[in-house]
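Peer 1: Before I ask anything, here is the structure I am working with.
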Amino acid sequence: MPNMNMVQALNSAMDIMLTRDPSVVVLGEDVGYFGGVFRVTESLQKKHGAYRVLDTPIAEGGIVGAAVGMCANGLRPIAEIQFADYIYPAYDQIVSEVARLRYRSAGAFSAPLTIRTPCGGGIRGGQTHSQSPEAVFAHVSGIKTVMPSNPYDAKGMLIAAIEDDDPVIFFEPKRVYNGPFDGEPDKPAQSWAEHPKAEVPEGYYTVPIGQAAVTREGSALTIVTYGTMVHVSLAAAEALGLDAEVIDIRSMVPLDIDTIAASVSKTGRCLIAHEATRFAGFGAELSASIQEHCFWNLEAPIMRVAGWDTPYPHAFEWEYFPGKRRVMNALRRLMGEAA
Amino acid sequence: MPNMNMVQALNSAMDIMLTRDPSVVVLGEDVGYFGGVFRVTESLQKKHGAYRVLDTPIAEGGIVGAAVGMCANGLRPIAEIQFADYIYPAYDQIVSEVARLRYRSAGAFSAPLTIRTPCGGGIRGGQTHSQSPEAVFAHVSGIKTVMPSNPYDAKGMLIAAIEDDDPVIFFEPKRVYNGPFDGEPDKPAQSWAEHPKAEVPEGYYTVPIGQAAVTREGSALTIVTYGTMVHVSLAAAEALGLDAEVIDIRSMVPLDIDTIAASVSKTGRCLIAHEATRFAGFGAELSASIQEHCFWNLEAPIMRVAGWDTPYPHAFEWEYFPGKRRVMNALRRLMGEAA
Amino acid sequence: MTSRFHVPAVPARPGEQPDFSYVKVAAAGDAPRPPINVPVLGTAPLAEDLVRVLDDRHRAVGPWAPKLDAETLRRGLHTMMLTRAFDDRMQRAQRQGRITFYMRSLGEEAVSAAAAIALRDGDMLFPSYRNQGLFLSRGLSLVDLMSQLLSNSHDMCKGRQLPVMYHSAERRIFSISGNLATQFPQAVGWAMAAAIKGETDIAAAWLGEGSTAEADFHHALTFAKVYKAPAVLNVVNNQWAISTFQGYAGGEQRSFAARGPGMGIAGLRVDGNDFLAVYAVTAWAAERARAGHGATLIEHVTYRAGAHSTSDDPARYRPKDEFDAWPLGDPVDRLKSHLVTLGEWDDARHESLSKELDESVTGAWHEAVSYGTLNEGPRLDPSLMFEDVFKELPPHLLAQRDELLAELAERGESDHA
Amino acid sequence: MTSRFHVPAVPARPGEQPDFSYVKVAAAGDAPRPPINVPVLGTAPLAEDLVRVLDDRHRAVGPWAPKLDAETLRRGLHTMMLTRAFDDRMQRAQRQGRITFYMRSLGEEAVSAAAAIALRDGDMLFPSYRNQGLFLSRGLSLVDLMSQLLSNSHDMCKGRQLPVMYHSAERRIFSISGNLATQFPQAVGWAMAAAIKGETDIAAAWLGEGSTAEADFHHALTFAKVYKAPAVLNVVNNQWAISTFQGYAGGEQRSFAARGPGMGIAGLRVDGNDFLAVYAVTAWAAERARAGHGATLIEHVTYRAGAHSTSDDPARYRPKDEFDAWPLGDPVDRLKSHLVTLGEWDDARHESLSKELDESVTGAWHEAVSYGTLNEGPRLDPSLMFEDVFKELPPHLLAQRDELLAELAERGESDHA
Ligand SMILES: Cc1ncc(C[n+]2csc(CCOP(=O)(O)OP(=O)(O)O)c2C)c(N)n1
Ligand SMILES: Cc1ncc(C[n+]2csc(CCOP(=O)(O)OP(=O)(O)O)c2C)c(N)n1
Ligand SMILES: [Mg+2]
Ligand SMILES: [Mg+2]
């Protein structure tokens with residue numbers, strides 16, 4: 001099986017779907033001739049033509065608005081928003097249109113649209129190239145919200161998203177595009193080469209949306225996380241030699257609460273970790289849901305490790321980023337706080 | 001002391017601030033000559049002139065964008081968004097500009113802007129006149145988010161918001177504009193006339209932002225809520241004869257977690273109630289925070305009563321709205337589930 | 001120095017004399033009709049001007065006069081009169097508390113009725129909430145429309161939408177949104193898709209002049225220009241946006257149509273109360289789009305003769321008798337007079353059609369009400385509330401549905417107790 | 001039928017011959033100069049045209065030729081040369097890994113340098129990320145700008161912003177946003193406030209032609225038109241938006257300036273590499289705004305000679321030698337030649353100024369670096385991260401700050417272990 005990094009895996013997913021399904025189109029800023037600022041759409045226009053892979057004006061609201069209309073005319077668009085930090089101009093079209101269309105028309109119209117967007121920090125991008133806004137989408141009824149953490153899932157989930165008859169916001173944690181990242185910036189960059197999840201079939205396959213993955217089994221505590229923080233969490237647990245179960249939720253909506261609750265009920269302890277700012281972040285929903293499901297099994301308060309409640313500051317990348325040390329500290333507290 | 005409904009109280013707050021502070025201006029769709037679709041800005045233009053109270057083009061993004069520029073030129077704008085359901089076109093200006101300006105310029109510029117907007121259901125407004133989007137603002141670092149539940153707080157908090165040097169999103173639960181609402185649609189409409197919180201001083205006063213109110217003291221359980229649901233929660237607790245403590249959080253950001261935690265630590269039981277959809281709603285943050293603060297005092301899982309995770313449906317207003325019965329059922333479960 | 005802050009002028013407020021001197025009414029027949037492949041800039045004068053076909057003596061004159069047979073003209077009149085009868089009855093139904101909300105198109109019926117005839121059945125329509133004429137012209141049944149207004153057991157929206165937010169996939173009319181202007185870039189996207197697929201259908205969209213200030217208006221124009229999308233983009237300038245005069249959308253001393261050529265797409269300004277003129281410019285723009293010459297922005301100059309909606313009271317912000325002073329008249333009267341002039345219509349037929357339409361509206365209303373109203377008769381199953389959020393019900397919605405059903409069962413019991 | 005889907009043409013891709021035949025270069029001095037109170041439509045031809053002052057023999061000709069003394073011209077040249085020297089050095093600093101990111105304005109220095117002189121010191125500027133010339137012209141120190149780039153202990157942004165996102169409340173330059181176009185309606189709001197307060201200052205804003213597609217461009221034009229806001233709105237059409245040619249923003253066979261008159265505000269199109277022309281149109285628009293005749297949209301036709309940013313490689317999407325073929329030349333060379341022609345400048349002075357500027361840039365760099373870089377030397381206190389989110393630190397941020405400080409203390413210990 002070939003080895004792919006996440007960029008290649010995502011590219012392969014779109015290439016396959018453009019080939020299999022004539023209704024699939026790709027559109028976004030710089031995605032066509034240039035192949036995208038992260039090269040995720042590289043060579044797709046060359047291969048599938050300028051009618052299938054469209055460079056667009058710089059108008060995120062227009063991109064999504066036009067994509068909704070394309071859906072109504074039988075296409076299945078994949079829209080790229082260049083950075084998740086720039087998705088807000090499209091927020092009205094997403095919340096008021098994409099998310100509501102099936103409902104308000106009682107199924108007469110729908111928006112089987114995939115919105116891909118790179119998110120997250122760790123690349124010295126400052127406050128406008130580092131955000132993780134998944135929570136403000138997860139709260140909106142009618143859209144699915146996902147974030148894969150590795151090449152295998154990225155490809156399989158992107159194909160699943162494209163085939164999904166519901167709209168999917170597909171967040172791509174850009175820090176792990178080219179290699180996993182354990183939250184220690186001073187260590188040499190890792191590549192996907194040796195990672196088992198970088199073994200990616202060349203052809204078509206799907207990873208279902210709405211299913212969490214138990215990335216590491218354990219019995220002492222559960223770490224519930226997603227995106228780049230999956231790797232950081234694994235590294236932290238291993239550094240402490242903890243028998244942690246690590247759950248990569250992969251999909252925020254629908255949320256696979258059963259897998260999560262089963263784990264927390266078993267371990268009795270839970271740490272939630274994400275990059276997004278903490279206050280009213282997606283970790284809050286995870287904590288609230290887990291508490292509702294597992295209250296009688298909890299041996300300690302559910303904890304959250306997250307980005308601080310500030311914009312993402314350029315100079316303090318590694319003071320801001322919830323890295324390995326911060327996760328380790330939280331894990332220590334979580335284990336020490338037994339009743 | 002005169003008796004005011006919430007519309008009059010809000011109008012009075014703006015009238016006073018327009019009079020006291022020449023830098024205050026009001027702008028929005030239909031707010032000028034007409035006085036606003038809910039009449040909250042009635043006669044303000046007549047009194048303070050068309051330079052201070054501006055009718056605007058129908059462009060929520062433009063209203064907020066222009067208001068940011070006004071702030072940079074020393075004004076203190078109060079922008080009305082006609083319905084909270086229509087705030088999304090302004091989401092980028094709010095998230096990327098209003099919320100970040102002070103931070104990114106290290107205090108050189110700031111946006112002391114108040115954005116007023118009617119929210120919530122119960123008025124047969126269908127999915128585009130009933131939404132409660134507070135969670136997607138509460139998650140954004142750099143803006144304060146508040147929602148008063150009665151005329152006294154409405155006026156005092158609006159004056160506080162206008163005077164606040166930080167931006168404030170000021171949600172107005174429109175179902176209680178003209179009278180409290182206990183969640184029973186079949187009962188005759190109530191007016192504010194007899195309500196103690198409708199005794200509103202004519203002049204200037206403030207109710208500080210960031211402080212919760214203990215609306216009813218009790219020891220058996222705590223209901224943490226805000227907006228219209230304060231009234232519904234009170235009615236439900238009273239109908240059950242429960243010794244419930246009811247906390248009106250009033251302000252989501254900053255959140256007065258101390259008052260809330262003190263109460264839940266005392267009662268050991270907590271119900272969170274809001275109109276917004278449940279999943280990843282603000283109740284999730286409340287639940288997560290309370291659990292973190294009060295874990296060792298909790299005698300039952302923290303529960304949430306909220307809007308269902310669907311758009312707000314026109315025909316099913318009272319099946320959707322988390323009314324008195326739904327709150328009562330939750331309270332019963334909460335009391336029954338003691339360890 | 002006097003202040004440089006400009007507050008747009010409003011011609012007349014309650015108690016004042018209506019003043020439409022700002023509306024420059026060109027003579028019918030004056031405007032030239034360029035070929036459909038005219039370069040964009042060739043339309044610039046027409047975007048300032050006002051295309052009018054019906055003259056003071058009710059004749060169709062000038063190069064824009066379409067060659068429509070009497071049957072088609074009568075069909076147009078029929079749609080307009082039906083629209084008015086329907087609006088009138090539904091307005092009363094709202095006053096009687098049978099429906100929660102309504103929006104009439106009084107005075108601007110020609111905009112929808114003429115366009116529907118000028119476009120082909122395969123063309124996709126993206127209406128605003130004031131285009132009921134499109135649905136009526138494309139043959140949706142009154143009962144279906146009324147059932148939506150009633151949120152009853154036959155409601156096409158399954159109770160989920162505020163009244164007037166219709167749709168029809170079958171008749172190719174997109175779902176109306178309560179959020180202004182969102183349909184505009186969607187129409188352009190639809191048109192792009194048609195072109196990408198090599199199909200010949202085009203898209204048409206409508207919004208109010210007030211809504212042109214929204215971002216999506218700009219997105220639509222930009223995308224239409226860049227990809228030469230085969231779309232007809234209509235601005236219905238009915239002078240008012242709730243209480244806000246069109247000057248607040250940028251209409252002072254400038255047409256809305258001019259934004260077309262400004263952005264690089266064709267622009268036309270038309271007397272929106274002249275059925276023939278609306279037909280003619282729509283047909284021109286449709287042909288232009290279909291032939292691959294790109295989109296056209298059409299401004300329809302008309303007047304919102306009624307209140308904004310049943311929640312509105314225009315007496316608070318404009319003279320009560322403004323419509324009487326409106327220089328472009330009443331679209332129904334004007335088409336009627338034209339047909340009479342042609343010898344193809346008379347007062348008696350008009351009266352009898354009017355009565356017939358009233359009766360069919362009343363008949364339909366009785367049938368619709370028999371399918372339930374919000375408060376009486378058959379009701380939709382509340383668990384429908386959870387359907388169509390997603391194609392399939394995810395677990396959390398299943399759980400919420402069950403919780404509601406239990407609550408309702410309990411309610412039912414206590415109602416009986 | 002051939003497809004009606006239009007894909008904007010791109011004149012040349014890597015390996016192809018540069019082709020600027022789409023740029024219509026009018027002769028210098030040809031464009032008429034209307035009075036500043038000309039009605040909006042009077043500017044329509046100028047919005048298509050190209051105002052040019054410097055002719056092929058480096059003389060200032062025609063009605064737009066401004067009466068600037070040599071001192072002022074030399075000041076403009078100084079700013080442009082300083083911009084270039086600064087850009088050049090910072091580009092290298094990025095290549096050396098000293099700063100994380102940089103964006104040059106190579107080839108379009110006249111746009112900022114001329115405007116800064118044409119506007120008054122009290123006028124408020126809302127720049128994009130490619131207007132470093134405004135900061136330099138208004139006298140911000142190189143060390144201050146560099147410290148921002150370095151996020152060092154002297155950083156005006158306290159480490160919070162990506163490089164180039166400067167601001168200066170003192171010099172009246174607004175904080176640059178990483179989000180495109182947001183500054184445009186802000187500038188209009190600032191101008192509205194000035195008018196409301198009866199002050200005579202005006203606002204000026206800049207964005208790239210690619211950014212005109214964003215909603216905020218439209219918001220700005222609408223609000224500027226409705227309230228006649230005293231603002232000068234500049235579109236810097238440097239032909240490219242990262243890899244995307246200006247045709248994708250709607251520039252095919254249509255000027256960006258034309259959107260001004262389309263919306264009802266004045267529009268001017270200017271040779272953006274002609275310092276004198278940029279000065280002249282800016283001064284005209286500023287005077288118009290100040291006198292209460294409303295905003296002007298100015299399109300500056302120029303060319304982005306460098307990469308989009310240090311993260312970009314234009315060789316992937318355009319011919320390497322495009323700038324050499326660019327018909328409007330190099331703004332520095334052109335102003336230099338004009339001064340030489342006037343007898344007010346010569347090669348020796350040019351060389352020595354160039355050297356002097358390089359030295360001052362290098363000197364400033366040494367000083368700036370002494371205040372720290374991202375990785376070395378003095379650093380800002382990380383707890384600054386929590387300041388300025390709000391005016392005062394709320395309890396949850398206080399708690400988070402304390403948590404971070406504990407973590408850092410621990411890190412420090414383990415570093416020493
Ligand atoms: C995004 C958004 N903002 C505000 C509103 C509230 N609103 C509904 S209709 C309307 C006026 C629209 O006027 P216009 O576009 O001229 O259309 P008309 O009603 O005249 O047909 C407003 C402000 C809305 N529905 N959506
Ligand atoms: C809202 C938003 N969308 C996308 C981007 C990413 N982006 C940064 S610069 C740029 C190109 C802008 O081109 P143009 O406006 O022509 O300015 P230029 O770089 O040519 O000066 C893009 C797409 C952004 N910063 N903000
Ligand atoms: Mg209107
Ligand atoms: Mg550019």
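Chain labels follow the order of the structure tokens: the first chain is A, the next B, and so on; residue numbering restarts at 1 in every chain, and ligands are counted from 1 in their shown order.
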Could you pull out the alpha helix (DSSP H) residues of stretch 253-287 of chain A from DSSP and send them as an NGL selection string?
Peer 2: :A and (257-267 or 282-287)
Peer 1: What are the residues of chain B that have an atom within 9 Å of an atom of chain A, counting only C-alpha atoms, as an MDAnalysis selection string?
Peer 2: chainID B and resid 85:93 95:96 99:100 103:104 127:128 133 135:142 277:289 291:296 300:304 309:311 313 339
Peer 1: What would the file look like if the residues just selected were written as a PDB file, in the first residue's frame with C-alpha atoms?
Peer 2:
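Below is the file again-v7.pdb, written as the result:
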ATOM      1  CA  ASP B  85     -31.492  35.288  12.949  1.00  0.00           C
ATOM      2  CA  TYR B  86     -30.064  37.972  10.642  1.00  0.00           C
ATOM      3  CA  ILE B  87     -26.820  38.570  12.494  1.00  0.00           C
ATOM      4  CA  TYR B  88     -24.829  36.013  10.506  1.00  0.00           C
ATOM      5  CA  PRO B  89     -23.984  38.331   7.595  1.00  0.00           C
ATOM      6  CA  ALA B  90     -22.159  40.391  10.235  1.00  0.00           C
ATOM      7  CA  TYR B  91     -20.410  37.408  11.762  1.00  0.00           C
ATOM      8  CA  ASP B  92     -17.084  38.045  10.066  1.00  0.00           C
ATOM      9  CA  GLN B  93     -16.953  41.686  11.136  1.00  0.00           C
ATOM     10  CA  VAL B  95     -15.480  37.706  15.011  1.00  0.00           C
ATOM     11  CA  SER B  96     -12.563  38.967  12.972  1.00  0.00           C
ATOM     12  CA  ALA B  99     -13.609  40.931  18.841  1.00  0.00           C
ATOM     13  CA  ARG B 100      -9.950  41.161  17.782  1.00  0.00           C
ATOM     14  CA  TYR B 103      -5.956  42.601  20.975  1.00  0.00           C
ATOM     15  CA  ARG B 104      -4.315  42.810  17.610  1.00  0.00           C
ATOM     16  CA  GLN B 127     -37.119  29.432  11.856  1.00  0.00           C
ATOM     17  CA  THR B 128     -35.936  32.892  10.773  1.00  0.00           C
ATOM     18  CA  PRO B 133     -27.438  32.115  18.656  1.00  0.00           C
ATOM     19  CA  ALA B 135     -23.318  30.213  21.874  1.00  0.00           C
ATOM     20  CA  VAL B 136     -21.633  31.126  18.616  1.00  0.00           C
ATOM     21  CA  PHE B 137     -20.706  34.467  20.132  1.00  0.00           C
ATOM     22  CA  ALA B 138     -19.843  33.265  23.634  1.00  0.00           C
ATOM     23  CA  HIS B 139     -17.102  31.088  22.120  1.00  0.00           C
ATOM     24  CA  VAL B 140     -15.399  34.078  20.533  1.00  0.00           C
ATOM     25  CA  SER B 141     -12.730  35.653  22.718  1.00  0.00           C
ATOM     26  CA  GLY B 142     -12.944  39.427  22.914  1.00  0.00           C
ATOM     27  CA  THR B 277     -30.589  24.227  20.461  1.00  0.00           C
ATOM     28  CA  ARG B 278     -28.980  21.918  22.929  1.00  0.00           C
ATOM     29  CA  PHE B 279     -26.005  20.452  21.095  1.00  0.00           C
ATOM     30  CA  ALA B 280     -22.906  22.550  21.693  1.00  0.00           C
ATOM     31  CA  GLY B 281     -25.169  25.275  23.039  1.00  0.00           C
ATOM     32  CA  PHE B 282     -24.229  27.569  25.868  1.00  0.00           C
ATOM     33  CA  GLY B 283     -25.678  25.058  28.306  1.00  0.00           C
ATOM     34  CA  ALA B 284     -22.762  22.807  27.443  1.00  0.00           C
ATOM     35  CA  GLU B 285     -20.301  25.372  28.763  1.00  0.00           C
ATOM     36  CA  LEU B 286     -22.415  25.871  31.860  1.00  0.00           C
ATOM     37  CA  SER B 287     -22.548  22.137  32.461  1.00  0.00           C
ATOM     38  CA  ALA B 288     -18.839  21.655  31.870  1.00  0.00           C
ATOM     39  CA  SER B 289     -17.863  24.567  34.107  1.00  0.00           C
ATOM     40  CA  GLN B 291     -19.009  20.071  36.819  1.00  0.00           C
ATOM     41  CA  GLU B 292     -15.417  21.277  37.052  1.00  0.00           C
ATOM     42  CA  HIS B 293     -16.226  23.493  40.030  1.00  0.00           C
ATOM     43  CA  CYS B 294     -18.758  21.386  41.906  1.00  0.00           C
ATOM     44  CA  PHE B 295     -17.978  17.790  41.032  1.00  0.00           C
ATOM     45  CA  TRP B 296     -17.546  16.634  44.586  1.00  0.00           C
ATOM     46  CA  ALA B 300     -27.005  13.807  40.436  1.00  0.00           C
ATOM     47  CA  PRO B 301     -25.913  14.478  36.893  1.00  0.00           C
ATOM     48  CA  ILE B 302     -26.291  18.036  35.719  1.00  0.00           C
ATOM     49  CA  MET B 303     -29.190  18.131  33.297  1.00  0.00           C
ATOM     50  CA  ARG B 304     -29.952  20.343  30.336  1.00  0.00           C
ATOM     51  CA  ASP B 309     -31.492  20.175  17.729  1.00  0.00           C
ATOM     52  CA  THR B 310     -33.577  21.221  14.758  1.00  0.00           C
ATOM     53  CA  PRO B 311     -34.381  24.537  13.140  1.00  0.00           C
ATOM     54  CA  PRO B 313     -40.418  25.003  13.202  1.00  0.00           C
ATOM     55  CA  ALA B 339     -27.730   8.781  44.587  1.00  0.00           C
TER      56      ALA B 339
END
Peer 1: Report as an NGL selection string which protein, DNA and RNA residues come within 10 Å of ligand 4, using only C-alpha atoms and all ligand atoms.
Peer 2: :D and (130 or 207-212 or 235-246 or 249 or 302-304 or 308)
Peer 1: What are the closest atom pairs, with distances in Å to one decimal, for all residues of chain D lying within 7 Å of chain B? Consider only C-alpha atoms, order rows by chain and residue number, and present the result as CSV.
Peer 2:
residue,atom,partner,partner_atom,distance
D:Met156,CA,B:Ala106,CA,6.9
D:Cys157,CA,B:Ala106,CA,5.0
D:Lys158,CA,B:Ala106,CA,6.1
D:Arg160,CA,B:Arg104,CA,5.8
D:Gln161,CA,B:Arg104,CA,6.0
D:His167,CA,B:Ser105,CA,6.6
D:Ala169,CA,B:Ala108,CA,5.9
D:Ser175,CA,B:Ser105,CA,6.0
D:Thr182,CA,B:Gln93,CA,6.9
D:Pro185,CA,B:Gly65,CA,5.1
D:Gln186,CA,B:Gly69,CA,3.9
D:Ala187,CA,B:Gly69,CA,5.6
D:Val188,CA,B:Ala66,CA,6.1
D:Gly189,CA,B:Ala66,CA,3.7
D:Trp190,CA,B:Gly69,CA,4.2
D:Ala193,CA,B:Met70,CA,5.3
D:Ile196,CA,B:Tyr51,CA,5.9
D:Asp216,CA,B:Gly62,CA,6.8
D:His219,CA,B:Gly62,CA,4.7
D:Ala220,CA,B:Gly62,CA,6.9
D:Asp388,CA,B:Tyr103,CA,4.8
D:Val389,CA,B:Gly142,CA,4.9
D:Phe390,CA,B:Gly142,CA,5.8
D:Lys391,CA,B:Asp166,CA,6.5
D:Pro394,CA,B:Pro254,CA,6.6
Peer 1: Would you write out those residues with N, CA, C and O atoms, as a CSV table (one decimal), in the first residue's frame?
Peer 2:
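Below is the file that was written, out_37.csv:
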chain,number,residue,atom,x,y,z
D,156,MET,N,5.0,46.7,18.6
D,156,MET,CA,3.8,47.5,18.8
D,156,MET,C,2.6,46.7,19.0
D,156,MET,O,1.6,47.1,19.6
D,157,CYS,N,2.6,45.5,18.4
D,157,CYS,CA,1.4,44.6,18.6
D,157,CYS,C,1.6,43.6,19.7
D,157,CYS,O,0.8,42.7,19.9
D,158,LYS,N,2.6,43.8,20.5
D,158,LYS,CA,2.9,42.9,21.7
D,158,LYS,C,2.9,41.4,21.3
D,158,LYS,O,2.3,40.6,22.0
D,160,ARG,N,1.3,39.8,19.0
D,160,ARG,CA,0.0,39.2,18.7
D,160,ARG,C,-0.3,39.0,17.3
D,160,ARG,O,-1.1,38.2,16.9
D,161,GLN,N,0.4,39.7,16.4
D,161,GLN,CA,0.1,39.7,15.0
D,161,GLN,C,1.2,39.1,14.2
D,161,GLN,O,2.4,39.3,14.4
D,167,HIS,N,0.1,49.1,12.8
D,167,HIS,CA,-1.0,50.1,13.0
D,167,HIS,C,-0.2,51.3,13.6
D,167,HIS,O,0.9,51.2,14.1
D,169,ALA,N,-2.0,54.5,15.9
D,169,ALA,CA,-3.1,55.4,16.3
D,169,ALA,C,-2.6,56.9,16.2
D,169,ALA,O,-3.3,57.8,15.7
D,175,SER,N,-5.3,49.7,12.3
D,175,SER,CA,-4.7,48.3,12.4
D,175,SER,C,-5.0,47.5,11.2
D,175,SER,O,-6.2,47.3,10.8
D,182,THR,N,-12.1,43.9,5.2
D,182,THR,CA,-12.8,44.3,6.3
D,182,THR,C,-12.6,45.8,6.6
D,182,THR,O,-13.5,46.5,7.2
D,185,PRO,N,-15.5,49.0,4.8
D,185,PRO,CA,-16.6,49.6,5.4
D,185,PRO,C,-16.2,50.3,6.7
D,185,PRO,O,-16.9,51.3,7.1
D,186,GLN,N,-15.1,49.9,7.4
D,186,GLN,CA,-14.7,50.6,8.5
D,186,GLN,C,-14.2,52.0,8.2
D,186,GLN,O,-14.5,53.0,8.9
D,187,ALA,N,-13.5,52.1,7.1
D,187,ALA,CA,-13.1,53.5,6.6
D,187,ALA,C,-14.3,54.3,6.4
D,187,ALA,O,-14.3,55.5,6.7
D,188,VAL,N,-15.3,53.8,5.8
D,188,VAL,CA,-16.5,54.5,5.5
D,188,VAL,C,-17.2,54.9,6.8
D,188,VAL,O,-17.7,56.1,6.9
D,189,GLY,N,-17.3,54.0,7.7
D,189,GLY,CA,-17.8,54.4,9.0
D,189,GLY,C,-17.1,55.5,9.7
D,189,GLY,O,-17.6,56.4,10.3
D,190,TRP,N,-15.7,55.4,9.6
D,190,TRP,CA,-14.9,56.5,10.2
D,190,TRP,C,-15.3,57.8,9.5
D,190,TRP,O,-15.4,58.8,10.2
D,193,ALA,N,-18.5,59.1,10.7
D,193,ALA,CA,-18.4,59.7,12.0
D,193,ALA,C,-17.8,61.1,11.9
D,193,ALA,O,-18.2,62.1,12.6
D,196,ILE,N,-20.5,63.3,10.8
D,196,ILE,CA,-21.5,63.5,11.8
D,196,ILE,C,-21.0,64.5,12.8
D,196,ILE,O,-21.8,65.4,13.3
D,216,ASP,N,-17.4,43.0,2.0
D,216,ASP,CA,-17.2,44.3,2.6
D,216,ASP,C,-16.9,45.4,1.6
D,216,ASP,O,-17.0,46.6,1.9
D,219,HIS,N,-20.3,46.5,0.9
D,219,HIS,CA,-20.8,47.3,2.0
D,219,HIS,C,-20.3,48.7,2.0
D,219,HIS,O,-21.0,49.7,2.3
D,220,ALA,N,-19.0,48.8,1.8
D,220,ALA,CA,-18.3,50.1,1.8
D,220,ALA,C,-18.9,51.0,0.7
D,220,ALA,O,-19.2,52.2,1.0
D,388,ASP,N,-5.6,42.7,26.8
D,388,ASP,CA,-6.2,43.3,25.7
D,388,ASP,C,-7.2,42.4,24.9
D,388,ASP,O,-7.7,42.8,23.9
D,389,VAL,N,-7.5,41.3,25.5
D,389,VAL,CA,-8.6,40.5,25.0
D,389,VAL,C,-9.8,41.4,25.3
D,389,VAL,O,-10.7,41.7,24.5
D,390,PHE,N,-9.8,41.8,26.6
D,390,PHE,CA,-10.8,42.8,27.1
D,390,PHE,C,-9.9,43.9,27.7
D,390,PHE,O,-8.7,43.8,27.9
D,391,LYS,N,-10.6,45.0,28.0
D,391,LYS,CA,-9.9,46.1,28.6
D,391,LYS,C,-9.3,45.7,29.9
D,391,LYS,O,-8.2,46.0,30.3
D,394,PRO,N,-10.8,39.5,32.7
D,394,PRO,CA,-11.8,38.8,33.5
D,394,PRO,C,-11.3,37.6,34.2
D,394,PRO,O,-10.2,37.1,33.9
Peer 1: Skipping near chain neighbours, those fewer than 2 positions away, what residues fall within 7 Å of stretch 96-103 of chain D using only C-alpha atoms, listed as a list in words?
Peer 2: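 Using only C-alpha atoms, the neighbours found are Met90, Gln91, Arg92, Ala93, Gln94, Ser105, Arg130, Leu149, Leu150, Pro163, Val164, His308, Ser309, Thr310 and Thr373 of chain D.
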Peer 1: I need the contact residues of chain D against chain C, so if you could list those with any atom within 9 Å, counting only C-alpha atoms, and return them as a count of residues only, that would help.
Peer 2: 56
Peer 1: Near D:Pro63, counting only C-alpha atoms, which residues have an atom at most 12 Å away, once you skip same-chain residues fewer than 4 positions from it, shown as a PyMOL selection string?
Peer 2: chain D and resi 28-35+51-54+67+276-277+280-281+284
